[in-house]
Amino acid sequence: MAAPDLPRVLSGIQPTSSSFHLGNYIGALKQWVAMQEGHEVFYFLADLHALTMEPPDPKVLTERSRGAVAQLLAAGVDPERSAVFLQSHVPGHTQLSWIFECLTGYGEASRMTQFKEKMARGSGDRVSVGLLTYPVLQAADILIYQAHYVPVGEDQRQHVELTRDLAQRFNGRYGDTFVVPDAFITPESKKILDLQDPTAKMSKSLPDAGTLNLLDDPAALARKVKRAVTDAGSEIRFDPAGKPGVSNLLVILSAVTDTPIPALEADFDGQGYGALKNAVADAVVAFAEPLSKRVHELLADPAEIDRVLARGAERARPIAEATVRDVYDRVGFVPPADV
Ligand code: AQP
C-alpha cells in the first residue's frame, strides 16, 4: 500500500448498468489506473447513488455491483495498490452527508445541472429527494477521505465545485477540518460524445447505438463505430467545434492506442472518414475484447470479488470514522460516554 504522505485520490462510479461505457473509461477509469502511481488511492462503487433514479431490482443491483468491480480490476485497477470498496460498506459517507445537507441551500442543490437534467426526464413524485441530495452525498464521499484530487469527467465538474464550497463553508464555520480537493479532468478526454449525437455526452441513458459498452461483443462495437455520425467535408482534423464527430473518434482512438492526436492526424492525412472508422473499430475491439474476457474470468469467482471489497472497506473505514468523529466533535454533538 502507498505511503500515507502521498497525495490522496478519491473517485467513484455508479453500478447503474451491466457494462461501463468507453466514456466512463476514457473520462475517468483510465486516470484512475494511471493515478495508482505516486498517490494513495480510494475507488468506490457508488451503490447508494445507484438508487437515486429508478431503484433497480435488488438482484440486478447486486450483480451490477460485482460486475462493476470486475470491470475496474480488468481495466487495471490493482486492489493491492488501491482501496476498492462499496459505498454502502462504509457508513461514514451517509453520517457525514447529513452534516453537509444542513449546510447546503435548497436553491443551491436544485441548481445542479445534472439534477435539472435528470429531473426533466422524471416527473412529480418519481423524482426522489435522493436525486436532489446526490451531490451532497458525493461531497461527503470525497471529503471524508481528505482527498486532494478527484479524477472525473467534465460532467462532474460542477459537483466537485460544490464539494469545494462545502469544505470551505465547514472550515470557515468550525475551523480547518477538510482538505479542499481539486477535480482532475484531462482536457481532451473530459467528454466523450455519443456516436449518434455528437452534441451529447456518451451516456448509458441514451439509445444504445451511440454508446460503446466495454462488454459489447466485437461485432456490435465495430458496427456502432462504422455507423457513427461524422461531419461535413472529408479532412481528418481535430476540431471539436467544427468537426465534433471526427474529433470524438480521434479522441477515442488516441485513448485506446495511447497515441497523441497530432500523430493520428498525420497518419490519416489524405485519407477519408472510412479509413478512420475502420481504424477506430479495430482499436476499440482490440481494447475491449481482452478486457471483456478478463471480466468474465473474474466473475467466475464472486467470493474473491467480495474479498477485494472487504479488504478495500477495511482500509477506508478507519479514515472515514476518524473524520466523522472529528466533525461530530466540531459541530458540538455530545460524545457517547463509555459505560
Ligand atoms: N461521456 C463521458 N465522457 C467522459 N467522462 C464520462 N463519465 C461519464 N460519462 C462520460 C465519467 O464517468 C465517471 C462515472 O460516472 P457515473 O458513475 O456518474 O456515471 P454516469 O455519469 O451516470 O454515466 P452516464 O453514462 O452518463 O449515466 P447517466 O446517463 O445515468 O447519467 C464520472 O467521472 C463521469 O464524469
# chains A, B, ... in the order shown; residues from 1 in each chain; ligands from 1
>>> residues_near_ligand(ligand="ligand 1", cutoff="9 Å", atoms="only C-alpha atoms and all ligand atoms", output="PyMOL selection string")
chain A and resi 11-17+20-29+45-46+49-50+53+114+118+150-157+185+189-194+200-206+211
>>> select_by_dssp(residues="segment 59-100 of chain A", states="strand (DSSP E)", output="PyMOL selection string")
chain A and resi 82-86
>>> write_last_selection(atoms="all heavy atoms", output="mmCIF file, in the first residue's frame")
data_model
loop_
_atom_site.group_PDB
_atom_site.id
_atom_site.type_symbol
_atom_site.label_atom_id
_atom_site.label_comp_id
_atom_site.auth_asym_id
_atom_site.auth_seq_id
_atom_site.Cartn_x
_atom_site.Cartn_y
_atom_site.Cartn_z
ATOM 1 N N SER A 82 -4.806 -0.041 -4.649
ATOM 2 C CA SER A 82 -5.986 0.822 -4.485
ATOM 3 C C SER A 82 -6.948 0.199 -3.485
ATOM 4 O O SER A 82 -7.152 -1.010 -3.509
ATOM 5 C CB SER A 82 -6.753 0.920 -5.813
ATOM 6 O OG SER A 82 -5.931 1.389 -6.835
ATOM 7 N N ALA A 83 -7.547 1.033 -2.642
ATOM 8 C CA ALA A 83 -8.652 0.538 -1.817
ATOM 9 C C ALA A 83 -9.904 0.575 -2.698
ATOM 10 O O ALA A 83 -10.351 1.639 -3.111
ATOM 11 C CB ALA A 83 -8.831 1.430 -0.596
ATOM 12 N N VAL A 84 -10.431 -0.607 -3.033
ATOM 13 C CA VAL A 84 -11.637 -0.705 -3.883
ATOM 14 C C VAL A 84 -12.771 -1.170 -2.970
ATOM 15 O O VAL A 84 -12.667 -2.236 -2.351
ATOM 16 C CB VAL A 84 -11.424 -1.741 -5.014
ATOM 17 C CG1 VAL A 84 -12.682 -1.877 -5.862
ATOM 18 C CG2 VAL A 84 -10.226 -1.358 -5.882
ATOM 19 N N PHE A 85 -13.825 -0.378 -2.875
ATOM 20 C CA PHE A 85 -14.866 -0.746 -1.902
ATOM 21 C C PHE A 85 -16.235 -0.255 -2.339
ATOM 22 O O PHE A 85 -16.356 0.524 -3.290
ATOM 23 C CB PHE A 85 -14.507 -0.193 -0.511
ATOM 24 C CG PHE A 85 -14.379 1.307 -0.453
ATOM 25 C CD1 PHE A 85 -15.426 2.088 -0.011
ATOM 26 C CD2 PHE A 85 -13.206 1.940 -0.842
ATOM 27 C CE1 PHE A 85 -15.319 3.482 0.035
ATOM 28 C CE2 PHE A 85 -13.089 3.326 -0.807
ATOM 29 C CZ PHE A 85 -14.141 4.093 -0.360
ATOM 30 N N LEU A 86 -17.244 -0.741 -1.638
ATOM 31 C CA LEU A 86 -18.618 -0.294 -1.885
ATOM 32 C C LEU A 86 -18.954 0.836 -0.921
ATOM 33 O O LEU A 86 -18.661 0.752 0.278
ATOM 34 C CB LEU A 86 -19.605 -1.435 -1.641
ATOM 35 C CG LEU A 86 -19.659 -2.581 -2.644
ATOM 36 C CD1 LEU A 86 -20.666 -3.633 -2.177
ATOM 37 C CD2 LEU A 86 -20.067 -2.062 -4.017
#
>>> atom_distance(atom1="atom CA of Gln168 of chain A", atom2="atom CA of Val180 of chain A")
6.9 Å
>>> closest_residue(among="A:Leu131, A:Ser97, A:Lys59, A:Phe184", to="Arg8 of chain A", atoms="only C-alpha atoms")
A:Phe184
>>> residues_around(residues="Phe268 of chain A", least_positions_apart="6", cutoff="8 Å", atoms="only C-alpha atoms", output="list of chain:residue names")
A:Ile236, A:Ala275, A:Leu276
>>> write_last_selection(atoms="N, CA and C atoms", output="compact mmCIF listing (two decimals), in the first residue's frame")
# COMPACT_ATOMS: atom_id res chain seq x y z
N ILE A 236 -9.52 14.74 -42.05
CA ILE A 236 -9.46 14.22 -40.67
C ILE A 236 -8.60 15.17 -39.85
N ALA A 275 -11.58 5.24 -43.56
CA ALA A 275 -10.32 4.69 -43.03
C ALA A 275 -10.22 4.93 -41.53
N LEU A 276 -10.64 6.14 -41.11
CA LEU A 276 -10.60 6.46 -39.67
C LEU A 276 -11.54 5.53 -38.90
>>> closest_residue(among="A:Ala313, A:Asn248, A:Glu188, A:Thr323", to="Pro260 of chain A", atoms="only C-alpha atoms")
A:Glu188
